[in-house]
Protein chains: 2
Amino acid sequence: MLKPSWVTSANTADTPFPLNNLPYGVFSTASLTPRCGVAIGDQIFDCQAAEMSGLISGLYEAPLFAQADWNAVMEAGKSLWSALRQRLTDILADGSVSQTAAQACLIAQSDAEMHLPFRVSEFTDFYAGRHHATNVGTMFRGAENALPPNWLHIPIGYNGRASSVVISGTDIQRPWGQLKAPDAESPVFAPSRRFDFELEMGAIVGTASSGQVSVDTADNMIFGYVLLNDWSARDIQAWEYQPLGPFQAKATATSISPWIVTTEALAPFRCMTPPREVPLLPHLQDTGPMLFDIDLRVTHTTPEGADTVLADTNYREMYYSSAQQLAHHTSSGCPMRSGDLLGSGTISGARETERGSLLELSWGGKTPVSLSDGSSRSFIEDGDMITLEGQAKGDGYQIGFGHCVGTVLPADTK
Amino acid sequence: MLKPSWVTSANTADTPFPLNNLPYGVFSTASLTPRCGVAIGDQIFDCQAAEMSGLISGLYEAPLFAQADWNAVMEAGKSLWSALRQRLTDILADGSVSQTAAQACLIAQSDAEMHLPFRVSEFTDFYAGRHHATNVGTMFRGAENALPPNWLHIPIGYNGRASSVVISGTDIQRPWGQLKAPDAESPVFAPSRRFDFELEMGAIVGTASSGQVSVDTADNMIFGYVLLNDWSARDIQAWEYQPLGPFQAKATATSISPWIVTTEALAPFRCMTPPREVPLLPHLQDTGPMLFDIDLRVTHTTPEGADTVLADTNYREMYYSSAQQLAHHTSSGCPMRSGDLLGSGTISGARETERGSLLELSWGGKTPVSLSDGSSRSFIEDGDMITLEGQAKGDGYQIGFGHCVGTVLPADTK
């Protein structure tokens, strides 16, 4: 049920940001320096101003909003997360006694510029979508060997590059890299010709750990989720990835959506992972619903403005939850830190219209995708814009993630 | 030639820390909180005390030593690095006018505990030793396919885990992980049985970059070098590494030596990389000597204290320099940050006694290594200690790296 707010724009069935959501971002305006805020309807509630005015006080011994990121809140741990969400709900709910004071803390989203909502400690990217892994494996190794032997036993992952994580709206410059055609004798250094997006969810680690943690503990460590586009140069990847995995192919940029949707806001949308084909070892087994039912869409926009929906899918297609991924991540004793970002892996459904990358949609370039203006694409062309959207659909309301957008600019000239 | 210092212990041919060296670390004592210091002979020069007393002032607008790491100096850039080194040389040189004031800033190394000398932003590990890559490739894929096709064209690397970097002396707990024997039907979750060390050098990025940088620029970005032991669980690695590379096998810990030996101190020991078998693409070509002539040794110590030298080799065995690795790292536009740590990859020479890992020394466990007490090792056993040492040998002096030490403790009981 929609929870009513005195912010009237939050009381519609199609706002991404009703009182039920309360996602966390960092914004600035022409007159305000970057600071933490909460989306409510078409407004942002300025947490720094609220803290300074005493509206959010008594929750924690130290200031939570003195800095322009959510790391202080994340590090404070799960009981603070709940207390803060409850306080924000009380302040913004219909009939709130704080309405007058809180009104002074509202800024129109249309006046705000968004920034990275947290300092990314390290970035790990997984490969946990079965349809994606099967599609890519079939293209690269044939249908019989599509899934690597370890795939059904481990949520396969690799370490990515935190320095390349950017906020939605940041332009993405086509990378250069070493490319080698299968029949060429030597590689060349040239702009990528097979530049792609990957539709993913990003899970944000809130509380740190040392030593191995259980799936249950891992689930409790996750502060929230964002949309994530792991831009990928398929031709650089093909040449570099053996034997140590993707490196420069994935290091140009990873875009995330500006609003952290909290694990608590997503609680009504928890769902089980799909049935196991082979049982997982005990330390990786689900103990409850830890995946989420979130509708996802990818839209392509040409430089001329023609929109085409490339794919519709859902986060529940993943074989492994972020909690399982995080538990595996700690299995060797790897310390996790507040601000670690875990990419889910590309989320593809079973159908051709549910594939979360152009590599899959165009089947490696063999079947270019038709666009609404009559043109087609095998991979991303200069000037193309890719938009990811996500929402969990409740009864009379939705929990929206906003957009994760990036436009690909031409490679620089050397 | 040895540069004479008024710190008399620095004036011997076998001290690792003559005035020529001046490596940077972070130390504490029973009465001093962690702070930056410079090794000189058997003493440490306390930079925080020196800055507060005005001995190191006028070099930079802000305090360089208010924090217990070298990141402020690193971020300040190369001209500051040179000016600081010159100032420290002046202060500590024989005949220095500052001797009396500086004497008050000396602490005996024997009274000090060492800490990580810098905040590690991200950790990348390379695979740039040709003998190591050939040895490992021969074991895994046969002699004909030992070197992957890309190996002579790219310094292959993967992103590691900064959170797992620890200071020399930290005990290393044997990791658990998924292991699967070749003839087993399913994996098990158990303590690693093939736990190994890797002898590497670590290059520390001092100045940040965005966009692609040249090999020359990369060389100028490197603040200094440390010894690095990339602890590796070979059995976890064998099962997990296809198709996305090493992950939990390398996430337990990476040890580094406490003293950052600056690029400037190593200048007399620059040498060229080995001749190219095939020419590199222009953006990766050497423009001068960017490798270093540094003798390296690995010693194994049993729990009972029996020492065995496992390997003697030299950093000049690498096929790619750290500058080439860093240039490649930026080739896709990957942003680099101050505090990024680049592992060279395992350094093995051509001979059997020059191999920088037990995987190679015992040839995958087939030829266990004999120890001085008559026992043998295929991989590391509980209680074993591994010590890395390094020194560049000058005329009447050496530039020492100190030690990089770790003892392997039993896996925890679950």
# chains A, B, ... in the order shown; residues from 1 in each chain; ligands from 1

call {"tool": "select_by_dssp", "arguments": {"residues": "range 43-236 of chain A", "states": "strand (DSSP E or B)", "output": "PyMOL selection string"}}
result
chain A and resi 43-46+93+106-108+113-115+123-126+129+157-159+165-167+172-173+176-179+188-191+195-196+199-205+209+222-230+232-233

call {"tool": "closest_atom_pairs", "arguments": {"of": "chain B", "to": "chain A", "cutoff": "9 Å", "atoms": "only C-alpha atoms", "output": "CSV"}}
result
residue,atom,partner,partner_atom,distance
B:Ser121,CA,A:Ser121,CA,8.0
B:Glu122,CA,A:Glu122,CA,7.3
B:Tyr127,CA,A:Leu244,CA,8.7
B:Pro148,CA,A:Gln242,CA,7.2
B:Pro149,CA,A:Trp239,CA,8.6
B:Asn150,CA,A:Glu240,CA,6.6
B:Trp151,CA,A:Glu240,CA,8.9
B:His153,CA,A:Pro187,CA,7.7
B:Ile154,CA,A:Glu240,CA,7.8
B:Ile156,CA,A:Glu240,CA,7.3
B:Gly157,CA,A:Leu244,CA,6.7
B:Tyr158,CA,A:Phe247,CA,5.8
B:Asn159,CA,A:Asn159,CA,5.2
B:Gly160,CA,A:Asn159,CA,6.1
B:Arg161,CA,A:Asn159,CA,7.1
B:Ala162,CA,A:Glu122,CA,7.7
B:Ser163,CA,A:Pro335,CA,5.9
B:Ser164,CA,A:Pro335,CA,6.2
B:Gln173,CA,A:Gly333,CA,8.3
B:Arg174,CA,A:Ser332,CA,8.4
B:Pro175,CA,A:Ser332,CA,4.8
B:Trp176,CA,A:Ser332,CA,5.3
B:Gly177,CA,A:Ser332,CA,5.8
B:Gln178,CA,A:Ile154,CA,8.2
B:Ser186,CA,A:His153,CA,8.5
B:Pro187,CA,A:His153,CA,7.7
B:Val188,CA,A:Leu281,CA,7.3
B:Phe189,CA,A:Leu281,CA,7.2
B:Pro191,CA,A:Ser332,CA,9.0
B:Gly211,CA,A:Thr252,CA,9.0
B:Gln212,CA,A:Trp176,CA,8.8
B:Trp239,CA,A:Asn150,CA,6.8
B:Glu240,CA,A:Asn150,CA,6.6
B:Tyr241,CA,A:Leu244,CA,7.3
B:Gln242,CA,A:Pro148,CA,7.2
B:Pro243,CA,A:Gly245,CA,6.4
B:Leu244,CA,A:Gly245,CA,4.0
B:Gly245,CA,A:Leu244,CA,4.0
B:Pro246,CA,A:Leu244,CA,6.4
B:Phe247,CA,A:Tyr158,CA,5.8
B:Gln248,CA,A:Ser332,CA,5.6
B:Ala249,CA,A:Ser332,CA,7.2
B:Lys250,CA,A:Ser332,CA,8.4
B:Ala251,CA,A:Cys334,CA,5.1
B:Thr252,CA,A:Cys334,CA,5.1
B:Ala253,CA,A:Cys334,CA,7.5
B:Leu281,CA,A:Phe189,CA,7.2
B:Pro282,CA,A:Phe189,CA,8.7
B:His283,CA,A:Phe189,CA,8.2
B:His328,CA,A:Gln248,CA,8.2
B:His329,CA,A:Gln248,CA,6.8
B:Thr330,CA,A:Gln248,CA,7.9
B:Ser331,CA,A:Gly177,CA,6.1
B:Ser332,CA,A:Pro175,CA,4.8
B:Gly333,CA,A:Thr252,CA,5.3
B:Cys334,CA,A:Thr252,CA,5.0
B:Pro335,CA,A:Ser163,CA,5.8
B:Met336,CA,A:Ser163,CA,6.9
B:Arg337,CA,A:Ser163,CA,7.3

call {"tool": "residues_around", "arguments": {"residues": "range 90-102 of chain A", "least_positions_apart": "3", "cutoff": "10 Å", "atoms": "only C-alpha atoms", "output": "number ranges by chain"}}
result
A: 3-8, 10-11, 19-20, 22, 40, 45-47, 49-50, 53-56, 84-87, 105-106

call {"tool": "atom_distance", "arguments": {"atom1": "CA of Thr254 in chain B", "atom2": "CA of Ala392 in chain B"}}
result
22.8 Å

call {"tool": "select_by_dssp", "arguments": {"residues": "range 16-233 of chain A", "states": "alpha helix (DSSP H)", "output": "VMD selection string"}}
result
chain A and resid 47 to 52 71 to 76 78 to 92 99 to 103 130 to 141 215 to 221

call {"tool": "closest_residue", "arguments": {"among": "A:Ala30, A:Ser9, A:Tyr320, A:Leu310", "to": "Arg276 in chain A", "atoms": "only C-alpha atoms"}}
result
A:Tyr320

call {"tool": "residues_around", "arguments": {"residues": "Tyr397 in chain A", "least_positions_apart": "6", "cutoff": "8 Å", "atoms": "only C-alpha atoms", "output": "PyMOL selection string"}}
result
chain A and resi 1-2+12-15+18

call {"tool": "write_last_selection", "arguments": {"atoms": "all heavy atoms", "output": "PDB file, in the first residue's frame"}}
result
ATOM      1  N   MET A   1       0.845  -1.204   0.000  1.00  0.00           N
ATOM      2  CA  MET A   1       0.000   0.000   0.000  1.00  0.00           C
ATOM      3  C   MET A   1       0.880   1.253   0.000  1.00  0.00           C
ATOM      4  O   MET A   1       1.879   1.314   0.701  1.00  0.00           O
ATOM      5  CB  MET A   1      -0.888   0.032   1.261  1.00  0.00           C
ATOM      6  CG  MET A   1      -1.921  -1.066   1.327  1.00  0.00           C
ATOM      7  SD  MET A   1      -3.365  -0.645   0.331  1.00  0.00           S
ATOM      8  CE  MET A   1      -4.108   0.651   1.331  1.00  0.00           C
ATOM      9  N   LEU A   2       0.448   2.250  -0.750  1.00  0.00           N
ATOM     10  CA  LEU A   2       1.149   3.527  -0.760  1.00  0.00           C
ATOM     11  C   LEU A   2       1.044   4.177   0.615  1.00  0.00           C
ATOM     12  O   LEU A   2      -0.046   4.328   1.160  1.00  0.00           O
ATOM     13  CB  LEU A   2       0.524   4.448  -1.811  1.00  0.00           C
ATOM     14  CG  LEU A   2       1.172   5.825  -1.935  1.00  0.00           C
ATOM     15  CD1 LEU A   2       2.368   5.786  -2.876  1.00  0.00           C
ATOM     16  CD2 LEU A   2       0.158   6.865  -2.410  1.00  0.00           C
ATOM     17  N   THR A  12       1.473   9.371  -5.753  1.00  0.00           N
ATOM     18  CA  THR A  12       0.879   8.832  -6.980  1.00  0.00           C
ATOM     19  C   THR A  12       1.396   7.409  -7.196  1.00  0.00           C
ATOM     20  O   THR A  12       2.456   7.036  -6.678  1.00  0.00           O
ATOM     21  CB  THR A  12       1.260   9.686  -8.206  1.00  0.00           C
ATOM     22  OG1 THR A  12       2.677   9.541  -8.435  1.00  0.00           O
ATOM     23  CG2 THR A  12       0.927  11.150  -7.968  1.00  0.00           C
ATOM     24  N   ALA A  13       0.634   6.658  -7.966  1.00  0.00           N
ATOM     25  CA  ALA A  13       1.005   5.252  -8.212  1.00  0.00           C
ATOM     26  C   ALA A  13       2.239   5.156  -9.094  1.00  0.00           C
ATOM     27  O   ALA A  13       2.915   4.122  -9.100  1.00  0.00           O
ATOM     28  CB  ALA A  13      -0.157   4.514  -8.850  1.00  0.00           C
ATOM     29  N   ASP A  14       2.543   6.225  -9.849  1.00  0.00           N
ATOM     30  CA  ASP A  14       3.650   6.096 -10.792  1.00  0.00           C
ATOM     31  C   ASP A  14       4.883   6.915 -10.416  1.00  0.00           C
ATOM     32  O   ASP A  14       5.854   6.944 -11.173  1.00  0.00           O
ATOM     33  CB  ASP A  14       3.187   6.425 -12.211  1.00  0.00           C
ATOM     34  CG  ASP A  14       2.701   7.857 -12.333  1.00  0.00           C
ATOM     35  OD1 ASP A  14       2.549   8.517 -11.273  1.00  0.00           O
ATOM     36  OD2 ASP A  14       2.467   8.310 -13.464  1.00  0.00           O
ATOM     37  N   THR A  15       4.880   7.562  -9.254  1.00  0.00           N
ATOM     38  CA  THR A  15       6.149   8.193  -8.852  1.00  0.00           C
ATOM     39  C   THR A  15       7.136   7.098  -8.457  1.00  0.00           C
ATOM     40  O   THR A  15       6.761   6.135  -7.783  1.00  0.00           O
ATOM     41  CB  THR A  15       5.971   9.173  -7.670  1.00  0.00           C
ATOM     42  OG1 THR A  15       7.280   9.685  -7.326  1.00  0.00           O
ATOM     43  CG2 THR A  15       5.407   8.483  -6.427  1.00  0.00           C
ATOM     44  N   PRO A  18       7.857   7.250  -3.772  1.00  0.00           N
ATOM     45  CA  PRO A  18       6.854   7.469  -2.723  1.00  0.00           C
ATOM     46  C   PRO A  18       7.520   7.352  -1.350  1.00  0.00           C
ATOM     47  O   PRO A  18       8.707   7.003  -1.251  1.00  0.00           O
ATOM     48  CB  PRO A  18       5.871   6.322  -2.951  1.00  0.00           C
ATOM     49  CG  PRO A  18       6.729   5.211  -3.470  1.00  0.00           C
ATOM     50  CD  PRO A  18       7.768   5.898  -4.341  1.00  0.00           C
TER      51      PRO A  18
END

call {"tool": "atom_distance", "arguments": {"atom1": "CA of Ala203 in chain A", "atom2": "CA of Ile260 in chain A"}}
result
9.2 Å

call {"tool": "closest_residue", "arguments": {"among": "A:Ala184, A:Met290, A:Ala311, A:Ile380", "to": "Arg351 in chain A", "atoms": "only C-alpha atoms"}}
result
A:Ala311

call {"tool": "closest_residue", "arguments": {"among": "A:Val298, A:Leu326, A:Ala146, A:Met74", "to": "Thr346 in chain A", "atoms": "only C-alpha atoms"}}
result
A:Val298

call {"tool": "closest_atom_pairs", "arguments": {"of": "range 178-234 of chain B", "to": "range 129-133 of chain B", "cutoff": "12 Å", "atoms": "only C-alpha atoms", "output": "Markdown table"}}
result
| residue | atom | partner | partner_atom | distance |
| --- | --- | --- | --- | --- |
| B:Glu198 | CA | B:His132 | CA | 10.1 |
| B:Leu199 | CA | B:His132 | CA | 10.5 |
| B:Glu200 | CA | B:Gly129 | CA | 9.5 |
| B:Met201 | CA | B:Gly129 | CA | 11.2 |

call {"tool": "closest_residue", "arguments": {"among": "B:Asp382, B:Asp312, B:Ser255, B:Gln398", "to": "Glu352 in chain B", "atoms": "only C-alpha atoms"}}
result
B:Asp312

call {"tool": "closest_residue", "arguments": {"among": "A:Leu361, A:Ala62, A:Ile204, A:Cys36", "to": "Tyr24 in chain A", "atoms": "only C-alpha atoms"}}
result
A:Cys36
